[in-house]
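Structure data (mmCIF, C-alpha atoms) from query07.cif:
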data_entry
#
loop_
_atom_site.label_atom_id
_atom_site.label_comp_id
_atom_site.auth_asym_id
_atom_site.auth_seq_id
_atom_site.Cartn_x
_atom_site.Cartn_y
_atom_site.Cartn_z
CA THR A 1 9.87 -2.82 -3.83
CA GLU A 2 8.12 -3.57 -7.14
CA GLU A 3 5.09 -1.53 -6.07
CA LYS A 4 7.25 1.47 -5.20
CA LEU A 5 9.13 1.19 -8.49
CA GLU A 6 5.83 1.27 -10.38
CA ILE A 7 4.82 4.43 -8.50
CA PHE A 8 8.17 6.05 -9.29
CA LYS A 9 7.82 5.09 -12.96
CA SER A 10 4.31 6.55 -13.20
CA SER A 11 5.68 9.77 -11.68
CA GLY A 12 8.19 10.15 -14.51
CA ILE A 13 11.30 8.97 -12.66
CA ASP A 14 13.66 7.23 -15.10
CA LEU A 15 16.24 5.67 -12.78
CA VAL A 16 16.11 4.33 -9.23
CA TYR A 17 19.28 3.46 -7.32
CA ILE A 18 18.53 0.63 -4.88
CA ILE A 19 20.85 0.02 -1.92
CA ASN A 20 20.38 -3.16 0.11
CA PHE A 21 20.08 -2.33 3.80
CA THR A 22 22.68 -4.50 5.53
CA LYS A 23 24.28 -4.38 8.97
CA GLU A 24 27.41 -2.94 7.36
CA PHE A 25 25.39 -0.27 5.55
CA SER A 26 23.59 0.68 8.78
CA LEU A 27 26.97 1.58 10.31
CA THR A 28 27.92 3.93 7.46
CA SER A 29 28.61 7.45 8.70
CA ALA A 30 26.83 10.38 7.11
CA GLU A 31 30.11 11.58 5.58
CA ASP A 32 30.92 8.17 4.07
CA PHE A 33 27.38 7.88 2.74
CA TYR A 34 27.28 11.14 0.81
CA LYS A 35 30.89 10.73 -0.36
CA SER A 36 30.67 7.08 -1.47
CA TYR A 37 27.10 6.92 -2.73
CA LEU A 38 25.94 10.40 -3.69
CA ILE A 39 29.17 11.86 -5.05
CA ASP A 40 31.50 9.04 -6.15
CA SER A 41 28.88 6.52 -7.34
CA ILE A 42 26.10 8.76 -8.68
CA GLY A 43 27.88 12.04 -9.24
CA ILE A 44 24.87 14.14 -8.27
CA SER A 45 24.33 17.67 -9.51
CA ASP A 46 21.07 18.36 -7.63
CA LEU A 47 19.75 16.81 -4.44
CA VAL A 48 16.22 17.16 -3.05
CA LEU A 49 15.32 15.94 0.45
CA GLY A 50 12.59 16.36 3.02
CA TYR A 51 12.82 18.97 5.75
CA ASP A 52 13.18 16.29 8.46
CA HIS A 53 15.22 13.75 6.48
CA MET A 54 18.23 12.31 8.31
CA PHE A 55 20.79 9.75 7.19
CA GLY A 56 23.95 7.97 8.26
CA LYS A 57 24.85 6.25 11.51
CA ASN A 58 23.06 7.78 14.51
CA ARG A 59 21.06 9.96 12.06
CA GLU A 60 23.89 12.48 12.04
CA GLY A 61 23.33 13.63 8.45
CA ASN A 62 20.68 16.23 7.57
CA PHE A 63 19.88 19.18 5.31
CA ASP A 64 22.25 21.52 7.14
CA LEU A 65 25.20 19.14 6.70
CA LEU A 66 24.51 18.70 2.98
CA SER A 67 24.15 22.45 2.54
CA GLU A 68 27.59 22.90 4.09
CA ILE A 69 29.36 20.45 1.79
CA SER A 70 27.37 21.14 -1.42
CA GLY A 71 29.67 23.99 -2.45
CA LYS A 72 32.80 21.91 -1.94
CA PHE A 73 31.51 19.08 -4.13
CA GLN A 74 29.62 21.36 -6.52
CA PHE A 75 26.00 20.21 -6.28
CA ASN A 76 22.78 21.99 -5.42
CA VAL A 77 20.63 20.96 -2.47
CA ASP A 78 16.94 21.82 -2.08
CA LYS A 79 14.62 21.19 0.85
CA VAL A 80 10.99 20.06 0.59
CA ASN A 81 8.95 21.66 3.34
CA GLU A 82 6.41 19.88 5.52
CA PHE A 83 3.17 18.71 3.90
CA THR A 84 -0.08 18.90 5.85
CA LEU A 85 -3.71 17.96 5.24
CA ASN A 86 -6.23 20.20 6.96
CA GLY A 87 -3.50 21.22 9.38
CA GLU A 88 -2.47 17.63 10.15
CA HIS A 89 1.11 16.49 9.60
CA ILE A 90 1.52 13.93 6.80
CA SER A 91 3.94 11.11 7.53
CA SER A 92 4.28 7.37 6.94
CA THR A 93 3.55 6.79 10.64
CA VAL A 94 0.27 8.70 10.47
CA ILE A 95 -0.74 6.89 7.27
CA ARG A 96 -0.01 3.47 8.77
CA LYS A 97 -2.20 4.30 11.78
CA LEU A 98 -5.03 5.36 9.46
CA LEU A 99 -4.80 2.11 7.49
CA LEU A 100 -4.79 0.03 10.66
CA SER A 101 -7.90 1.82 11.89
CA GLY A 102 -9.74 1.41 8.57
CA GLU A 103 -9.64 5.11 7.65
CA ILE A 104 -8.89 4.34 4.01
CA GLU A 105 -10.23 7.51 2.43
CA LYS A 106 -8.17 9.75 4.69
CA ALA A 107 -5.09 7.58 4.14
CA ASN A 108 -5.62 7.88 0.37
CA GLU A 109 -5.84 11.65 0.69
CA MET A 110 -2.52 11.74 2.50
CA LEU A 111 -0.89 9.36 0.04
CA GLY A 112 -2.16 11.32 -2.94
CA ARG A 113 -3.26 8.01 -4.46
CA GLU A 114 -5.26 4.91 -3.60
CA TYR A 115 -3.59 2.43 -1.26
CA GLU A 116 -2.96 -0.76 -3.18
CA LEU A 117 -2.20 -4.42 -2.68
CA SER A 118 -0.66 -6.69 -5.32
CA GLY A 119 -0.62 -10.46 -5.20
CA THR A 120 -1.42 -13.78 -6.83
CA VAL A 121 -4.81 -15.50 -6.94
CA VAL A 122 -4.65 -18.82 -5.06
CA GLU A 123 -7.05 -21.68 -4.32
CA GLY A 124 -9.52 -21.12 -1.50
CA PHE A 125 -12.37 -23.10 0.05
CA LYS A 126 -14.91 -21.75 -2.49
CA LYS A 127 -17.34 -20.75 0.29
CA GLY A 128 -18.10 -17.47 -1.46
CA ARG A 129 -19.26 -19.26 -4.61
CA GLU A 130 -21.63 -21.39 -2.54
CA LEU A 131 -23.13 -18.17 -1.14
CA GLY A 132 -23.54 -16.57 -4.56
CA TYR A 133 -20.53 -14.28 -4.20
CA PRO A 134 -17.48 -16.03 -5.69
CA THR A 135 -14.20 -14.62 -4.43
CA ALA A 136 -10.59 -14.60 -5.54
CA ASN A 137 -8.27 -15.48 -2.67
CA ILE A 138 -5.10 -13.41 -2.73
CA LYS A 139 -1.58 -14.15 -1.58
CA PRO A 140 0.25 -10.79 -1.27
CA ASP A 141 3.49 -10.37 -3.21
CA SER A 142 5.24 -9.36 0.00
CA GLU A 143 4.78 -10.85 3.45
CA TYR A 144 5.69 -7.43 4.85
CA LYS A 145 2.88 -5.59 3.08
CA LEU A 146 0.75 -3.70 5.59
CA LEU A 147 -2.84 -4.95 5.51
CA PRO A 148 -5.56 -2.49 6.50
CA LYS A 149 -7.83 -3.23 9.45
CA ASN A 150 -9.89 -6.43 9.22
CA GLY A 151 -13.24 -5.76 7.60
CA ILE A 152 -15.07 -5.23 4.33
CA TYR A 153 -13.88 -2.72 1.72
CA THR A 154 -14.95 -1.20 -1.56
CA VAL A 155 -12.15 -1.76 -4.06
CA LYS A 156 -11.10 -1.54 -7.68
CA VAL A 157 -9.43 -4.58 -9.18
CA LEU A 158 -6.89 -4.81 -12.00
CA VAL A 159 -6.77 -8.31 -13.44
CA GLU A 160 -5.75 -9.48 -16.92
CA GLY A 161 -5.48 -5.86 -18.03
CA GLU A 162 -9.07 -5.06 -17.03
CA ARG A 163 -10.08 -2.72 -14.20
CA LEU A 164 -13.29 -3.69 -12.41
CA GLY A 165 -15.17 -2.83 -9.25
CA GLY A 166 -15.41 -5.16 -6.31
CA MET A 167 -15.65 -5.67 -2.56
CA MET A 168 -12.94 -7.18 -0.42
CA SER A 169 -12.88 -9.05 2.85
CA ILE A 170 -9.82 -9.08 5.10
CA GLY A 171 -10.20 -11.28 8.15
CA LYS A 172 -10.97 -14.72 9.56
CA ASN A 173 -14.41 -15.32 7.98
CA PRO A 174 -15.86 -16.24 11.40
CA THR A 175 -19.31 -17.21 10.07
CA VAL A 176 -17.97 -20.02 7.86
CA SER A 177 -14.59 -20.83 9.43
CA ASP A 178 -13.04 -21.48 12.83
CA SER A 179 -9.53 -20.81 11.54
CA GLU A 180 -7.50 -17.98 13.04
CA ASP A 181 -5.70 -17.39 9.74
CA ILE A 182 -6.22 -14.02 8.05
CA LYS A 183 -7.72 -14.40 4.59
CA ILE A 184 -7.78 -11.83 1.81
CA GLU A 185 -10.67 -12.32 -0.60
CA VAL A 186 -12.20 -10.13 -3.28
CA ASN A 187 -15.55 -10.47 -5.01
CA ILE A 188 -15.11 -8.94 -8.48
CA PHE A 189 -18.31 -7.53 -9.92
CA ASN A 190 -19.50 -8.79 -13.33
CA PHE A 191 -16.60 -11.19 -13.59
CA ASP A 192 -16.56 -14.99 -13.78
CA ARG A 193 -13.27 -16.23 -15.22
CA ASP A 194 -10.69 -18.71 -13.96
CA ILE A 195 -7.81 -16.55 -12.72
CA TYR A 196 -5.97 -18.99 -10.45
CA GLY A 197 -2.27 -18.21 -10.57
CA LYS A 198 -2.86 -14.79 -12.14
CA LYS A 199 -1.42 -11.53 -10.82
CA ILE A 200 -3.96 -9.13 -9.36
CA LYS A 201 -3.82 -5.57 -8.05
CA ILE A 202 -6.32 -4.13 -5.57
CA ASN A 203 -6.93 -0.42 -5.00
CA PHE A 204 -8.74 0.38 -1.75
CA LEU A 205 -11.50 3.01 -2.06
CA SER A 206 -13.38 2.92 1.25
CA TYR A 207 -14.11 0.92 4.40
CA ILE A 208 -17.65 -0.49 4.61
CA ARG A 209 -17.92 -2.29 7.93
CA GLU A 210 -16.21 -4.47 10.50
CA GLU A 211 -15.96 -8.22 10.17
CA LYS A 212 -18.83 -9.93 11.97
CA LYS A 213 -19.95 -13.44 12.86
CA PHE A 214 -23.54 -13.98 11.72
CA GLU A 215 -25.95 -16.47 13.27
CA THR A 216 -27.03 -17.91 9.91
CA LEU A 217 -25.74 -18.02 6.33
CA ASP A 218 -28.90 -16.21 5.21
CA GLU A 219 -27.96 -13.26 7.45
CA LEU A 220 -24.46 -13.26 5.95
CA ILE A 221 -25.82 -13.33 2.38
CA SER A 222 -28.20 -10.48 3.18
CA GLU A 223 -25.33 -8.39 4.57
CA MET A 224 -23.14 -9.17 1.55
CA LYS A 225 -25.93 -7.91 -0.70
CA LYS A 226 -25.92 -4.62 1.23
CA ASP A 227 -22.11 -4.47 1.02
CA LYS A 228 -22.33 -4.79 -2.76
CA GLU A 229 -24.95 -2.04 -3.00
CA VAL A 230 -22.75 0.29 -0.93
CA SER A 231 -19.74 -0.56 -3.08
CA LEU A 232 -21.55 0.02 -6.38
CA LYS A 233 -22.71 3.44 -5.19
CA LYS A 234 -19.14 4.36 -4.25
CA ILE A 235 -17.65 3.07 -7.50
CA ASN A 236 -20.27 4.69 -9.73
CA LYS A 237 -20.25 8.02 -7.87
#
What would you get if you wrote out this structure as structure tokens?
Amino acid sequence: TEEKLEIFKSSGIDLVYIINFTKEFSLTSAEDFYKSYLIDSIGISDLVLGYDHMFGKNREGNFDLLSEISGKFQFNVDKVNEFTLNGEHISSTVIRKLLLSGEIEKANEMLGREYELSGTVVEGFKKGRELGYPTANIKPDSEYKLLPKNGIYTVKVLVEGERLGGMMSIGKNPTVSDSEDIKIEVNIFNFDRDIYGKKIKINFLSYIREEKKFETLDELISEMKKDKEVSLKKINK
């Protein structure tokens, strides 16, 4: 929710009305919804909604219904038509599939912004530091945040008010760990400060490669060097 509120704020939206989705709310009819929330509570004068937006129990409310009642309750209703990218329909479902397949750049195009992840820096096993690539381990702010496909990414990092380049690993770190737990780690370029407990925001720029188990640590270090070179080229482009 906080991430979405920040996006709304940066878009110039002054007020957001948040309704908790409860079992009772899910049973609200379309008529009760627009009467109780849109008209009585907010007192809307103009309403904008997507061409395929539906609301109320059994998805019975839509643009046509609101158009019918707008005159009675004296508000204007406008429809936003479908958005496409190179002829492809843009939707949250399509974007989720792109993220889960590692197609970050295309997902960013559809979003109109860089996909981001916010969290807190927590203690890790410090394996990256031993390899010459210290990493910040991240605990996401929300357990429901969608993580992109496991692998290595070029990212931008906002920490302590400073925006820096970096590379991120999402996965199990199979070369140095037998754990099945998913770890989120970022190597921040030209940065060596203690940021444990600090808030951090990651913007995904591109997918570099899949996660891989290397035979030796030297092979892993060599690959990480290549990952950094790829990331620097992307960031400095």
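Distance annotation: of A:Ser91, A:Asn137, A:Asn20, A:Asn150, the residue with the minimal separation from Phe125 of chain A is A:Asn137; atom set is all atoms listed in the file.
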Quick one: distance from atom CA of Lys213 of chain A to atom CA of Leu117 of chain A in Å, one decimal? 25.3 Å
So which residues touch segment 173-175 of chain A within 9 Å, counting only C-alpha atoms, skipping near sequence neighbours fewer than 3 positions away, as a PyMOL selection string? chain A and resi 169-170+178-180+182-183+211-217+220
Between atom CA of Glu103 of chain A and atom CA of Val186 of chain A, what is the spacing in Å?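 Atom-to-atom, atom CA of Val186 of chain A and atom CA of Glu103 of chain A are spaced 18.9 Å apart.
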Expected selection from the PyMOL selection byres ((chain A and resi 28) around 6), given as a ChimeraX atom specification: /A:25-27,29,56-57
Report the distance between atom CA of Lys9 of chain A and atom CA of Thr22 of chain A in Å, rounded to one decimal place.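 It comes out at 25.6 Å.
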Evaluate the PyMOL selection byres ((chain A and resi 82) around 12) and report residues as a PyMOL selection string: chain A and resi 49-53+79-81+83-85+87-91
For the residues in the current selection, export C-alpha atoms as a tab-separated table (two decimals), in the coordinates of the input.
chain	number	residue	atom	x	y	z
A	49	LEU	CA	15.32	15.94	0.45
A	50	GLY	CA	12.59	16.36	3.02
A	51	TYR	CA	12.82	18.97	5.75
A	52	ASP	CA	13.18	16.29	8.46
A	53	HIS	CA	15.22	13.75	6.48
A	79	LYS	CA	14.62	21.19	0.85
A	80	VAL	CA	10.99	20.06	0.59
A	81	ASN	CA	8.95	21.66	3.34
A	83	PHE	CA	3.17	18.71	3.90
A	84	THR	CA	-0.08	18.90	5.85
A	85	LEU	CA	-3.71	17.96	5.24
A	87	GLY	CA	-3.50	21.22	9.38
A	88	GLU	CA	-2.47	17.63	10.15
A	89	HIS	CA	1.11	16.49	9.60
A	90	ILE	CA	1.52	13.93	6.80
A	91	SER	CA	3.94	11.11	7.53
Rank A:Glu123, A:Glu68, A:Glu24, A:Asp46 by their smallest atom-to-atom distance to Ile184 of chain A, using only C-alpha atoms, and report the top residue only. A:Glu123
Would you list the contacts of Lys106 of chain A as an MDAnalysis selection string, taking every protein, DNA or RNA residue within 10 Å and counting only C-alpha atoms, but skipping same-chain residues closer than 6 positions in sequence? chainID A and resid 85 95 98:99 112 206
Residue members of the PyMOL selection byres ((chain A and resi 164) around 9) in the file shown, as a PyMOL selection string: chain A and resi 155-159+162-163+165-166+188-191
Considering all atoms listed in the file, return as JSON, numbers by chain whatever protein or nucleic-acid residues lie within 9 Å of segment 2-8 of chain A, sequence-local ones (same chain, fewer than 5 positions apart) excluded. {"A": [13, 14, 15, 16, 116, 117, 118]}
Residue among A:Arg59, A:Lys35, A:Lys139, A:Lys97 lying closest to Lys199 of chain A, counting only C-alpha atoms: A:Lys139
Let me make sure I understand: among A:Leu47, A:Ile69, A:Ala136, A:Met167, which one has the smallest atom-to-atom distance to Glu229 of chain A if we use only C-alpha atoms?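 Checking each of A:Leu47, A:Ile69, A:Ala136, A:Met167 against Glu229 of chain A, counting only C-alpha atoms, the winner is A:Met167.
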For segment 114-129 of chain A, take all atoms listed in the file, fit an axis-aligned box around them, add 6 Å to each of the six sides, then output centre and edge lengths in Å rounded to one decimal, as lines of an AutoDock Vina configuration file.
center_x = -9.9
center_y = -9.1
center_z = -3.3
size_x = 30.6
size_y = 40.0
size_z = 19.2
Find, counting all atoms listed in the file, the residue in A:Lys127, A:Lys72, A:Lys23, A:Arg96 that gets nearest to Ile221 of chain A.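 Ranked by minimum distance to Ile221 of chain A, first place goes to A:Lys127.
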Go through A:Ile152, A:Asp194, A:Gly171, A:Ile202 one by one, measure the shortest atom-to-atom distance of each to Met224 of chain A using all atoms listed in the file, and give the residue with the smallest value.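 Going through A:Ile152, A:Asp194, A:Gly171, A:Ile202 one by one, the smallest distance to Met224 of chain A is for A:Ile152.
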Residues near Ser142 of chain A, anyone? I mean within 9 Å using all atoms listed in the file, not counting same-chain ones fewer than 2 positions away, as a list in words. Thr1, Ser118, Gly119, Lys139, Pro140, Tyr144 and Lys145 of chain A
Close residues, Leu65 of chain A itself excluded, 10 Å, only C-alpha atoms, min 6 positions apart in chain, as a ChimeraX atom specification: /A:30-31,54
